[in-house]
$ cat upload-v4.cif   # mmCIF, C-alpha atoms and all ligand atoms
data_input
#
loop_
_atom_site.label_atom_id
_atom_site.label_comp_id
_atom_site.auth_asym_id
_atom_site.auth_seq_id
_atom_site.Cartn_x
_atom_site.Cartn_y
_atom_site.Cartn_z
CA MET T 1 -31.34 -167.75 -23.61
CA ASP T 2 -28.72 -167.42 -20.93
CA LEU T 3 -25.04 -167.82 -21.65
CA ILE T 4 -24.82 -171.47 -20.56
CA ALA T 5 -27.79 -172.48 -22.71
CA ARG T 6 -26.29 -170.68 -25.72
CA ASP T 7 -22.94 -172.33 -25.04
CA ARG T 8 -24.62 -175.72 -24.91
CA ALA T 9 -26.39 -174.99 -28.17
CA PHE T 10 -23.47 -173.68 -30.25
CA VAL T 11 -20.04 -174.39 -28.77
CA TRP T 12 -17.76 -177.43 -28.71
CA HIS T 13 -15.16 -177.52 -25.92
CA PRO T 14 -11.62 -178.98 -26.02
CA PHE T 15 -10.74 -182.32 -24.38
CA THR T 16 -14.34 -182.64 -23.20
CA PRO T 17 -16.61 -185.67 -23.74
CA GLN T 18 -19.75 -184.07 -25.18
CA LYS T 19 -22.34 -186.60 -24.03
CA ASP T 20 -23.61 -185.89 -20.51
CA MET T 21 -21.21 -182.98 -20.35
CA ALA T 22 -21.56 -180.96 -17.15
CA ASN T 23 -22.50 -177.34 -17.74
CA PRO T 24 -19.40 -175.21 -18.12
CA ILE T 25 -18.93 -172.44 -15.58
CA ALA T 26 -19.24 -168.95 -17.06
CA ILE T 27 -16.29 -166.85 -15.94
CA THR T 28 -17.01 -163.14 -16.11
CA LYS T 29 -13.71 -161.71 -14.92
CA ALA T 30 -10.42 -162.61 -13.33
CA ASN T 31 -7.81 -160.86 -11.28
CA GLY T 32 -4.48 -162.16 -9.97
CA THR T 33 -5.06 -165.84 -9.19
CA ILE T 34 -8.85 -165.43 -8.77
CA LEU T 35 -11.51 -166.40 -11.30
CA TYR T 36 -15.03 -164.95 -10.79
CA ASP T 37 -18.11 -166.73 -12.12
CA GLU T 38 -21.55 -165.40 -13.07
CA GLN T 39 -22.93 -166.14 -9.59
CA GLY T 40 -20.10 -164.25 -7.92
CA ASN T 41 -18.29 -167.41 -6.75
CA THR T 42 -14.51 -167.17 -6.70
CA TYR T 43 -11.92 -169.84 -7.53
CA ILE T 44 -8.16 -169.82 -7.03
CA ASP T 45 -6.69 -170.80 -10.40
CA ALA T 46 -4.22 -173.39 -9.05
CA ILE T 47 -3.18 -174.61 -12.52
CA SER T 48 -2.66 -171.25 -14.22
CA SER T 49 -5.47 -171.92 -16.71
CA TRP T 50 -3.77 -174.87 -18.44
CA TRP T 51 -0.26 -173.73 -17.47
CA VAL T 52 -0.21 -170.37 -19.23
CA THR T 53 -0.84 -167.64 -16.64
CA LEU T 54 2.43 -166.52 -15.03
CA HIS T 55 1.78 -163.20 -13.30
CA GLY T 56 -1.94 -163.46 -12.66
CA HIS T 57 -5.01 -162.75 -14.74
CA ALA T 58 -5.80 -159.39 -16.33
CA HIS T 59 -2.42 -157.99 -15.30
CA PRO T 60 -2.64 -154.19 -15.71
CA TYR T 61 0.95 -153.79 -16.93
CA ILE T 62 0.57 -156.35 -19.72
CA ALA T 63 -2.93 -155.08 -20.56
CA GLN T 64 -1.67 -151.50 -20.89
CA LYS T 65 1.20 -152.55 -23.18
CA ILE T 66 -1.17 -154.55 -25.42
CA TYR T 67 -3.56 -151.59 -25.56
CA GLU T 68 -0.81 -149.14 -26.56
CA GLN T 69 0.49 -151.53 -29.20
CA ALA T 70 -3.02 -152.12 -30.59
CA LEU T 71 -3.32 -148.40 -31.30
CA GLN T 72 0.08 -148.41 -33.01
CA LEU T 73 0.35 -151.61 -35.09
CA GLU T 74 -1.91 -154.60 -34.45
CA GLN T 75 -0.73 -156.95 -37.22
CA VAL T 76 1.40 -156.95 -40.34
CA ILE T 77 2.57 -159.69 -42.71
CA PHE T 78 5.93 -160.94 -41.43
CA ALA T 79 7.46 -161.94 -44.78
CA GLY T 80 9.27 -158.91 -46.18
CA PHE T 81 8.28 -156.78 -43.17
CA THR T 82 9.41 -156.61 -39.58
CA HIS T 83 8.60 -154.62 -36.43
CA ALA T 84 10.16 -153.65 -33.14
CA PRO T 85 8.15 -156.00 -30.86
CA ALA T 86 9.32 -159.07 -32.84
CA VAL T 87 12.97 -158.00 -32.95
CA ASP T 88 13.06 -156.84 -29.31
CA LEU T 89 11.49 -160.09 -28.18
CA ALA T 90 13.91 -162.23 -30.23
CA GLU T 91 16.86 -160.43 -28.60
CA LYS T 92 15.44 -160.80 -25.10
CA LEU T 93 14.54 -164.47 -25.56
CA LEU T 94 17.97 -165.32 -26.94
CA ASP T 95 19.48 -163.81 -23.78
CA ILE T 96 17.71 -166.38 -21.61
CA VAL T 97 16.93 -169.52 -23.64
CA PRO T 98 19.23 -172.45 -22.84
CA GLY T 99 22.21 -173.24 -25.05
CA ASN T 100 23.70 -171.21 -27.84
CA CYS T 101 20.49 -170.42 -29.70
CA SER T 102 20.90 -167.50 -32.07
CA ARG T 103 17.61 -167.31 -34.04
CA ILE T 104 13.92 -167.12 -33.23
CA PHE T 105 11.18 -168.41 -35.54
CA TYR T 106 7.67 -167.32 -34.50
CA SER T 107 4.37 -169.18 -34.69
CA ASP T 108 1.18 -169.10 -32.63
CA ASN T 109 0.99 -171.89 -30.07
CA GLY T 110 2.82 -174.80 -28.50
CA SER T 111 1.85 -177.34 -31.16
CA THR T 112 3.09 -175.10 -33.95
CA ALA T 113 6.28 -174.37 -32.00
CA THR T 114 7.00 -178.13 -31.97
CA GLU T 115 5.90 -178.60 -35.60
CA VAL T 116 8.35 -175.88 -36.60
CA ALA T 117 11.11 -177.53 -34.55
CA LEU T 118 10.49 -180.96 -36.12
CA LYS T 119 10.35 -179.58 -39.65
CA MET T 120 13.46 -177.46 -39.06
CA ALA T 121 15.40 -180.50 -37.83
CA ILE T 122 14.20 -182.88 -40.56
CA GLN T 123 14.82 -180.36 -43.33
CA TYR T 124 18.26 -179.62 -41.85
CA TRP T 125 19.33 -183.12 -42.92
CA TRP T 126 17.52 -182.77 -46.24
CA ASN T 127 19.33 -179.53 -46.93
CA LYS T 128 22.68 -181.09 -46.05
CA GLU T 129 22.32 -184.56 -47.61
CA GLY T 130 19.13 -184.78 -49.62
CA ASP T 131 19.24 -184.54 -53.39
CA TYR T 132 16.01 -183.64 -55.15
CA ALA T 133 17.34 -184.20 -58.67
CA ALA T 134 18.67 -187.67 -57.81
CA GLY T 135 15.57 -188.47 -55.75
CA GLN T 136 17.77 -189.18 -52.77
CA LEU T 137 16.44 -188.78 -49.22
CA PRO T 138 18.78 -188.08 -46.32
CA LYS T 139 19.54 -191.20 -44.26
CA ARG T 140 18.47 -189.47 -41.08
CA ASN T 141 14.74 -188.93 -41.29
CA LYS T 142 13.23 -190.41 -38.12
CA ILE T 143 12.49 -188.79 -34.80
CA LEU T 144 13.45 -190.15 -31.40
CA ALA T 145 11.00 -189.34 -28.58
CA PHE T 146 9.99 -190.43 -25.10
CA LYS T 147 7.14 -192.77 -24.32
CA ASN T 148 4.38 -190.93 -22.46
CA ALA T 149 5.39 -187.68 -24.19
CA TYR T 150 3.02 -184.88 -25.15
CA HIS T 151 4.05 -182.31 -27.75
CA GLY T 152 0.70 -181.02 -29.00
CA ASP T 153 -2.38 -181.89 -31.03
CA THR T 154 -1.46 -181.23 -34.66
CA PHE T 155 -0.32 -184.21 -36.76
CA GLY T 156 3.43 -183.87 -36.43
CA ALA T 157 3.13 -183.07 -32.73
CA MET T 158 0.77 -186.04 -32.27
CA SER T 159 3.19 -188.32 -34.12
CA VAL T 160 6.00 -187.64 -31.65
CA SER T 161 3.62 -187.88 -28.69
CA ASP T 162 2.68 -191.05 -26.84
CA ARG T 163 0.29 -193.34 -28.68
CA SER T 164 -2.48 -192.75 -26.16
CA VAL T 165 -6.22 -192.15 -25.87
CA PHE T 166 -5.50 -188.67 -27.25
CA THR T 167 -4.22 -190.08 -30.57
CA LEU T 168 -6.12 -193.38 -30.90
CA ALA T 169 -8.18 -192.49 -33.99
CA PHE T 170 -5.12 -191.40 -35.93
CA HIS T 171 -2.53 -194.10 -35.25
CA ASN T 172 -2.36 -195.37 -38.82
CA LEU T 173 -1.74 -191.82 -40.08
CA LEU T 174 1.01 -190.82 -37.65
CA PHE T 175 4.61 -191.08 -38.84
CA GLU T 176 6.95 -193.68 -37.40
CA VAL T 177 8.90 -192.63 -34.33
CA VAL T 178 11.51 -194.44 -32.21
CA PHE T 179 10.13 -194.26 -28.66
CA ILE T 180 12.28 -194.81 -25.58
CA ASP T 181 11.59 -194.69 -21.83
CA THR T 182 12.61 -191.69 -19.77
CA PRO T 183 16.03 -192.37 -18.23
CA THR T 184 16.60 -193.89 -14.78
CA ALA T 185 19.59 -195.41 -12.98
CA GLU T 186 18.36 -198.87 -14.02
CA ASN T 187 17.68 -198.32 -17.73
CA ILE T 188 20.23 -195.70 -18.79
CA ALA T 189 22.77 -198.19 -20.16
CA ALA T 190 20.12 -199.95 -22.26
CA LEU T 191 18.77 -196.61 -23.52
CA GLN T 192 22.25 -195.57 -24.61
CA THR T 193 22.62 -198.79 -26.57
CA THR T 194 19.23 -198.29 -28.23
CA VAL T 195 20.18 -194.76 -29.24
CA GLN T 196 23.55 -195.89 -30.63
CA GLN T 197 21.88 -198.59 -32.70
CA ALA T 198 19.10 -196.37 -34.07
CA ALA T 199 21.29 -193.29 -34.57
CA PRO T 200 22.12 -193.65 -38.30
CA GLU T 201 18.49 -192.99 -39.19
CA ILE T 202 17.62 -190.52 -36.41
CA ALA T 203 17.36 -186.86 -37.41
CA ALA T 204 16.35 -185.43 -34.04
CA PHE T 205 15.39 -186.18 -30.45
CA ILE T 206 12.43 -184.27 -28.99
CA TYR T 207 11.85 -184.26 -25.23
CA GLU T 208 10.04 -182.44 -22.44
CA PRO T 209 12.99 -181.72 -20.13
CA LEU T 210 12.55 -183.21 -16.62
CA VAL T 211 8.74 -183.02 -16.47
CA GLN T 212 6.32 -184.74 -18.86
CA GLY T 213 3.31 -182.44 -18.52
CA ALA T 214 0.15 -183.79 -20.14
CA GLY T 215 1.50 -187.33 -19.68
CA GLY T 216 0.77 -186.85 -15.96
CA MET T 217 3.42 -184.47 -14.58
CA LYS T 218 5.91 -187.36 -14.59
CA MET T 219 9.34 -186.24 -13.40
CA TYR T 220 12.73 -187.73 -14.17
CA GLU T 221 16.22 -186.92 -12.97
CA ALA T 222 18.69 -184.55 -14.54
CA VAL T 223 21.76 -186.76 -14.07
CA TYR T 224 20.33 -189.62 -16.15
CA MET T 225 18.98 -187.21 -18.73
CA ASP T 226 22.46 -185.74 -19.07
CA ALA T 227 23.88 -189.23 -19.56
CA LEU T 228 21.29 -189.86 -22.28
CA LEU T 229 21.86 -186.48 -23.94
CA HIS T 230 25.59 -187.20 -23.92
CA THR T 231 25.02 -190.27 -26.10
CA VAL T 232 22.45 -188.49 -28.28
CA LYS T 233 24.90 -185.64 -28.94
CA GLU T 234 27.76 -188.04 -29.56
CA GLN T 235 25.62 -189.54 -32.33
CA ASP T 236 25.13 -186.11 -33.92
CA ILE T 237 21.35 -186.19 -33.33
CA ILE T 238 19.67 -182.77 -33.15
CA CYS T 239 18.26 -182.12 -29.67
CA ILE T 240 14.86 -180.41 -29.43
CA ALA T 241 13.85 -179.29 -25.93
CA ASP T 242 10.09 -178.80 -25.78
CA GLU T 243 9.94 -176.19 -23.01
CA VAL T 244 6.36 -175.18 -23.86
CA MET T 245 5.19 -176.14 -20.36
CA THR T 246 8.47 -176.10 -18.38
CA GLY T 247 9.64 -172.69 -19.61
CA PHE T 248 9.63 -169.37 -17.78
CA GLY T 249 10.30 -170.51 -14.22
CA ARG T 250 7.85 -173.37 -13.77
CA THR T 251 10.52 -175.83 -12.63
CA GLY T 252 12.34 -173.33 -10.41
CA LYS T 253 14.87 -172.24 -13.06
CA PHE T 254 14.10 -170.15 -16.13
CA PHE T 255 14.05 -173.33 -18.19
CA ALA T 256 14.15 -176.99 -17.18
CA SER T 257 17.13 -177.36 -19.53
CA ASP T 258 19.04 -175.10 -17.13
CA TYR T 259 19.28 -178.12 -14.80
CA LEU T 260 21.17 -180.00 -17.53
CA GLN T 261 24.79 -179.83 -18.68
CA HIS T 262 23.93 -180.69 -22.29
CA THR T 263 22.11 -177.93 -24.12
CA PRO T 264 19.55 -178.26 -26.91
CA ASP T 265 19.98 -177.24 -30.56
CA ILE T 266 16.32 -176.20 -30.79
CA VAL T 267 13.98 -174.92 -28.06
CA CYS T 268 10.15 -174.73 -28.26
CA LEU T 269 8.32 -172.03 -26.31
CA SER T 270 4.68 -171.02 -25.84
CA LYS T 271 2.18 -171.14 -22.91
CA GLY T 272 3.89 -168.80 -20.38
CA LEU T 273 5.65 -166.90 -23.17
CA THR T 274 3.08 -164.09 -23.14
CA GLY T 275 2.35 -164.52 -19.44
CA GLY T 276 -0.75 -166.35 -20.61
CA THR T 277 -2.40 -163.37 -22.27
CA MET T 278 -2.10 -164.01 -26.00
CA ALA T 279 -1.41 -166.94 -28.31
CA LEU T 280 2.23 -167.03 -29.38
CA GLY T 281 4.78 -169.72 -30.13
CA ALA T 282 8.51 -169.39 -30.63
CA THR T 283 11.14 -171.86 -31.79
CA ALA T 284 14.76 -170.97 -31.09
CA CYS T 285 17.67 -172.61 -32.89
CA THR T 286 21.46 -172.48 -33.00
CA ASP T 287 23.66 -171.27 -35.84
CA ARG T 288 24.33 -174.87 -36.83
CA ILE T 289 20.66 -175.34 -37.75
CA TYR T 290 20.18 -171.90 -39.25
CA GLU T 291 23.28 -172.09 -41.46
CA ALA T 292 21.85 -175.11 -43.29
CA TYR T 293 19.16 -172.79 -44.63
CA VAL T 294 21.50 -170.04 -45.81
CA THR T 295 22.13 -171.23 -49.36
CA ASP T 296 21.75 -170.21 -53.02
CA ASP T 297 19.38 -173.15 -53.53
CA LYS T 298 15.84 -171.78 -53.15
CA LEU T 299 14.54 -175.34 -52.74
CA LYS T 300 16.26 -175.30 -49.34
CA THR T 301 14.11 -172.47 -48.02
CA PHE T 302 12.12 -173.12 -44.85
CA PHE T 303 8.67 -172.95 -46.42
CA HIS T 304 6.69 -172.52 -43.23
CA GLY T 305 4.68 -169.66 -41.73
CA HIS T 306 1.36 -168.72 -40.21
CA SER T 307 -0.96 -165.82 -40.89
CA PHE T 308 -0.25 -164.43 -37.45
CA THR T 309 3.49 -165.16 -37.35
CA ALA T 310 5.07 -162.70 -34.89
CA ASN T 311 1.81 -160.88 -34.23
CA PRO T 312 2.84 -157.50 -32.75
CA LEU T 313 0.27 -157.63 -29.94
CA ALA T 314 1.42 -161.10 -28.87
CA CYS T 315 5.11 -160.10 -29.06
CA THR T 316 4.34 -157.00 -26.99
CA ALA T 317 2.54 -159.12 -24.38
CA ALA T 318 5.58 -161.43 -24.26
CA LEU T 319 7.95 -158.47 -23.75
CA ALA T 320 5.78 -157.18 -20.91
CA SER T 321 5.62 -160.65 -19.36
CA LEU T 322 9.43 -160.93 -19.52
CA ASP T 323 9.74 -157.53 -17.79
CA LEU T 324 7.63 -158.90 -14.95
CA LEU T 325 9.39 -162.27 -14.88
CA LEU T 326 12.81 -160.68 -14.45
CA GLN T 327 11.72 -158.55 -11.48
CA PRO T 328 13.29 -159.67 -8.18
CA GLN T 329 9.85 -160.10 -6.59
CA THR T 330 8.85 -162.65 -9.26
CA LEU T 331 12.08 -164.59 -8.91
CA ASN T 332 11.54 -164.57 -5.13
CA ALA T 333 7.99 -165.80 -5.62
CA ILE T 334 9.19 -168.75 -7.70
CA GLU T 335 11.63 -169.59 -4.91
CA TRP T 336 9.18 -169.40 -2.04
CA ILE T 337 6.52 -171.40 -3.91
CA ALA T 338 9.15 -174.09 -4.56
CA ALA T 339 10.13 -174.10 -0.87
CA ALA T 340 6.48 -174.19 0.22
CA ASN T 341 5.84 -177.19 -2.06
CA LYS T 342 8.71 -179.10 -0.45
CA HIS T 343 7.45 -178.23 3.01
CA PHE T 344 3.93 -179.35 2.12
CA ILE T 345 5.24 -182.70 0.91
CA THR T 346 6.98 -183.27 4.25
CA GLN T 347 3.78 -182.32 6.09
CA LEU T 348 1.67 -184.73 4.05
CA GLU T 349 4.15 -187.59 4.40
CA ASN T 350 4.13 -187.06 8.17
CA ALA T 351 0.36 -186.79 8.38
CA PHE T 352 -0.14 -190.06 6.51
CA ALA T 353 2.86 -191.92 7.94
CA GLN T 354 0.74 -194.22 10.13
CA GLN T 355 -2.00 -195.08 7.63
CA THR T 356 -2.55 -196.49 4.17
CA LYS T 357 -1.69 -193.58 1.93
CA PRO T 358 -4.51 -192.32 -0.31
CA TYR T 359 -1.86 -191.06 -2.74
CA ARG T 360 1.15 -192.38 -4.66
CA ASN T 361 4.34 -190.80 -5.91
CA LEU T 362 4.14 -187.40 -4.23
CA ARG T 363 6.65 -185.17 -6.02
CA THR T 364 7.65 -181.61 -6.76
CA LEU T 365 9.98 -179.65 -8.99
CA GLY T 366 9.97 -175.89 -8.58
CA THR T 367 6.42 -174.52 -8.62
CA ILE T 368 4.89 -177.84 -9.78
CA LEU T 369 3.57 -180.33 -7.22
CA ALA T 370 1.89 -183.61 -8.21
CA PHE T 371 0.72 -187.00 -6.95
CA GLU T 372 -1.55 -189.84 -8.02
CA ILE T 373 -4.72 -190.64 -6.12
CA ALA T 374 -4.28 -194.27 -5.08
CA GLU T 375 -7.44 -195.48 -6.76
CA GLY T 376 -7.75 -197.39 -10.00
CA LYS T 377 -5.15 -197.25 -12.75
CA ASP T 378 -2.78 -194.35 -13.36
CA GLU T 379 -4.40 -193.27 -16.61
CA TYR T 380 -6.11 -190.29 -18.21
CA LEU T 381 -9.54 -191.91 -18.34
CA ASN T 382 -9.54 -192.59 -14.60
CA ASN T 383 -12.71 -190.77 -13.52
CA VAL T 384 -11.53 -189.57 -10.12
CA GLY T 385 -10.14 -186.42 -11.76
CA THR T 386 -13.59 -185.15 -12.69
CA LEU T 387 -14.86 -185.80 -9.18
CA ILE T 388 -11.89 -184.00 -7.64
CA THR T 389 -12.42 -180.96 -9.85
CA GLN T 390 -16.03 -180.75 -8.57
CA LEU T 391 -15.05 -181.23 -4.91
CA ASN T 392 -12.33 -178.59 -5.11
CA LEU T 393 -14.48 -176.06 -6.95
CA ALA T 394 -16.92 -176.24 -4.05
CA GLN T 395 -13.98 -175.19 -1.85
CA GLY T 396 -13.12 -172.27 -4.12
CA VAL T 397 -10.03 -173.89 -5.67
CA TYR T 398 -9.70 -174.81 -9.34
CA MET T 399 -7.65 -177.85 -10.32
CA ARG T 400 -8.10 -180.12 -13.30
CA PRO T 401 -6.39 -183.46 -12.63
CA LEU T 402 -5.01 -185.51 -15.51
CA GLY T 403 -6.93 -188.72 -14.80
CA ASN T 404 -5.94 -189.57 -11.23
CA THR T 405 -2.89 -187.30 -11.33
CA VAL T 406 -3.61 -184.30 -9.14
CA TYR T 407 -1.22 -181.39 -9.55
CA ILE T 408 -0.83 -177.70 -8.93
CA MET T 409 1.07 -175.13 -10.99
CA PRO T 410 0.01 -171.73 -9.64
CA PRO T 411 0.62 -168.27 -11.09
CA TYR T 412 3.65 -166.67 -9.41
CA CYS T 413 1.50 -163.89 -7.92
CA ILE T 414 -0.30 -166.39 -5.65
CA THR T 415 -0.29 -165.11 -2.06
CA PRO T 416 0.88 -167.26 0.86
CA ALA T 417 -2.72 -167.32 2.14
CA GLU T 418 -4.04 -168.49 -1.22
CA LEU T 419 -1.39 -171.18 -1.52
CA GLU T 420 -2.21 -172.32 2.03
CA LYS T 421 -5.83 -172.62 0.97
CA VAL T 422 -4.83 -174.75 -2.02
CA TYR T 423 -2.77 -177.03 0.26
CA ALA T 424 -5.62 -177.20 2.81
CA THR T 425 -7.99 -178.26 0.03
CA ILE T 426 -5.62 -181.04 -1.03
CA ASN T 427 -5.15 -182.09 2.58
CA GLN T 428 -8.89 -182.26 3.14
CA LEU T 429 -9.41 -184.14 -0.10
CA LEU T 430 -6.87 -186.79 0.91
CA THR T 431 -8.06 -186.99 4.52
CA ASN T 432 -11.63 -187.65 3.40
CA TRP T 433 -10.71 -189.84 0.45
CA ASN T 434 -11.43 -193.27 1.94
CA LYS T 435 -14.25 -192.09 4.19
C1 LIG T 501 0.71 -177.76 -24.07
C2 LIG T 501 1.93 -178.32 -24.68
C3 LIG T 501 2.12 -178.30 -26.07
C4 LIG T 501 1.06 -177.80 -27.02
O1 LIG T 501 0.80 -176.45 -26.85
P1 LIG T 501 -0.58 -175.84 -27.39
O2 LIG T 501 -0.40 -174.37 -27.27
O3 LIG T 501 -1.65 -176.38 -26.48
O4 LIG T 501 -0.76 -176.29 -28.79
C5 LIG T 501 3.31 -178.77 -26.58
N1 LIG T 501 4.26 -179.26 -25.77
C6 LIG T 501 4.13 -179.30 -24.43
C7 LIG T 501 5.24 -179.82 -23.59
C8 LIG T 501 2.94 -178.84 -23.84
O5 LIG T 501 2.79 -178.92 -22.51
#
$ encode --input "upload-v4.cif" --output "C-alpha cells"
Amino acid sequence: MDLIARDRAFVWHPFTPQKDMANPIAITKANGTILYDEQGNTYIDAISSWWVTLHGHAHPYIAQKIYEQALQLEQVIFAGFTHAPAVDLAEKLLDIVPGNCSRIFYSDNGSTATEVALKMAIQYWWNKEGDYAAGQLPKRNKILAFKNAYHGDTFGAMSVSDRSVFTLAFHNLLFEVVFIDTPTAENIAALQTTVQQAAPEIAAFIYEPLVQGAGGMKMYEAVYMDALLHTVKEQDIICIADEVMTGFGRTGKFFASDYLQHTPDIVCLSKGLTGGTMALGATACTDRIYEAYVTDDKLKTFFHGHSFTANPLACTAALASLDLLLQPQTLNAIEWIAAANKHFITQLENAFAQQTKPYRNLRTLGTILAFEIAEGKDEYLNNVGTLITQLNLAQGVYMRPLGNTVYIMPPYCITPAELEKVYATINQLLTNWNK
C-alpha cells in the first residue's frame, strides 16, 4: 500500500471531519518556507505550519544543535535533576518576556502552558486564603476570559475558551467562566463595570493579547486593552497573557504584551518557542505568584508536571531559535514583512475601491494579515475555507483559512519574491471570487 492508503487506513487527523475527508498530501521534505510533496510539487508555507515555524523548515543551525544535544543528554527526569539547556533557556526567556517575570515552569505544548498558568493562578489564592482543615475555599476561584477566545484543547484550556463548535460536546463538563467582549471605545466603560462587579470572585484573567488567533485572527486595540487591564489590576486579579501564538515577533514586537503599558503576572509560551521544531511549552510568572508556593506547608506544593517537562532536546531547539530570532537580519525581516503587509492592504483597498468588495475587515498587525471572505457567515464551519485551501495549493501556496477568515503568518525567512507570490495568490483569489 502507498503512504496515503496506509494513512487512510490507520491514522486520525486533528480538526478534520473524517467522513469524505480529502486525501492528505504527503510531505517528504521541507526547506525554508517551502514544503515538498511526494509528486515533487512545492508549496509556500504561508501560515508557518499552524503558526509554529519561525526561521523556516529544517533549519540547519537548529538541527545541528538538536543533534549535538541528542548525543549528550536526550531526556532526564526534571524533579530532583536539572540540566544546562533548561537553565540557560529560563535565563534567556526571562530577559525578553514581558513584565517582571522571574520564574519559568516548563511543559510540552500551548494547551499545557495555559493549564499550568490557570492552575498556578487558582492555587495562588488557595495557598494564600484556602484552609484545608477548615474546608474553606478561597473566595476568588473563577476565571475571567474573552468571548471568542482560544487557549487550547485540554479541559481547563477549553473551559476558558469560547463555547464554540470546538467545545460543543463538552459544555456541561467545562467549569464556569465569566466571559467578556474584547474592549473597544464603545464598550470599555461597561466592561470595567462588569469587572468591578465580578472581581471579588475572580482569581485570574486570561487573554490573547491584541490578536485572538483560532477565533479568527480578530484584532483589538492596545489603548482599550490597557484601560481594561488597568481595572483588572486595580481589582487585584492575576493577569495571564496567553502569548502562545503572538509570541516571538508575530505581531511586530517580541510579544504582543510589549504594545501594552500593563504587564502580565503570568505568560504562556509555546508554538514559536522552539522555532517550530520540537514540542515545548513554558509558563513564566512573577515573584508574587512564585512566593505563594514557597512555604513549609507541603500541601501548598504545585503538584503538576509532565513526563517530558523541560526536555533537553526541546530546550536546546528553543535556545537555537532564540539565537536566530535575536539576529539583526531576523528583526529586519519582521519589520519588512510588517511593512509589506501594510502596503498590500493599501493596494487591495485601491484595487477594489470601485466595486463591491469580496472581502471584509482587512487588517494586519506585524507579520499577520487577515480578512474575511464576504460570503456567508463569519464562522468556522463556513466551507469557503476548504475551497480556498484547494485553490491556493494549486498555485503553490499553502493557507488554511479559519472558516471564511483568510490569513497569512509566514516564517520570517520568507523571501520578497515568495511573499509577492503569496499576495498575488490572494489578489487572484479575490479578483476571481464573484466570477
Ligand atoms: C495554539 C494555541 C494554544 C494551544 O497550543 P497547542 O500547542 O496547540 O496545544 C493555546 N493558546 C493559543 C493562543 C494558541 O494559539
$ atom_distance --input "upload-v4.cif" --atom1 "CA of Asn141 (chain T)" --atom2 "CA of Phe166 (chain T)"
24.6 Å
$ residues_around --input "upload-v4.cif" --residues "His262 (chain T)" --least-positions-apart "4" --cutoff "7 Å" --atoms "all atoms listed in the file" --output "list in words"
Asp226, Leu229 and His230 of chain T
$ residues_near_ligand --input "upload-v4.cif" --ligand "ligand LIG 501 (chain T)" --cutoff "8 Å" --atoms "all atoms listed in the file" --output "PyMOL selection string"
chain T and resi 50-51+108-114+149-154+157+208+212-214+242-246+268+270-271+279+281
$ residues_around --input "upload-v4.cif" --residues "Val165 (chain T)" --least-positions-apart "4" --cutoff "12 Å" --atoms "all atoms listed in the file" --output "list in words"
Phe15, Asn148, Tyr150, Met158, Ser161, Ala169, Phe170, His171, Ala214, Gly215, Glu379, Tyr380, Leu381, Asn382 and Gly403 of chain T
$ atom_distance --input "upload-v4.cif" --atom1 "CA of Leu168 (chain T)" --atom2 "CA of Thr182 (chain T)"
21.9 Å
$ residues_around --input "upload-v4.cif" --residues "Ala30 (chain T)" --least-positions-apart "4" --cutoff "10 Å" --atoms "only C-alpha atoms" --output "VMD selection string"
chain T and resid 34 to 37 42 to 45 56 to 59
$ residues_around --input "upload-v4.cif" --residues "region 118-127 of chain T" --least-positions-apart "3" --cutoff "6 Å" --atoms "all atoms listed in the file" --output "list in words"
Glu115, Gly130, Pro138, Ala203, Ala292 and Lys300 of chain T
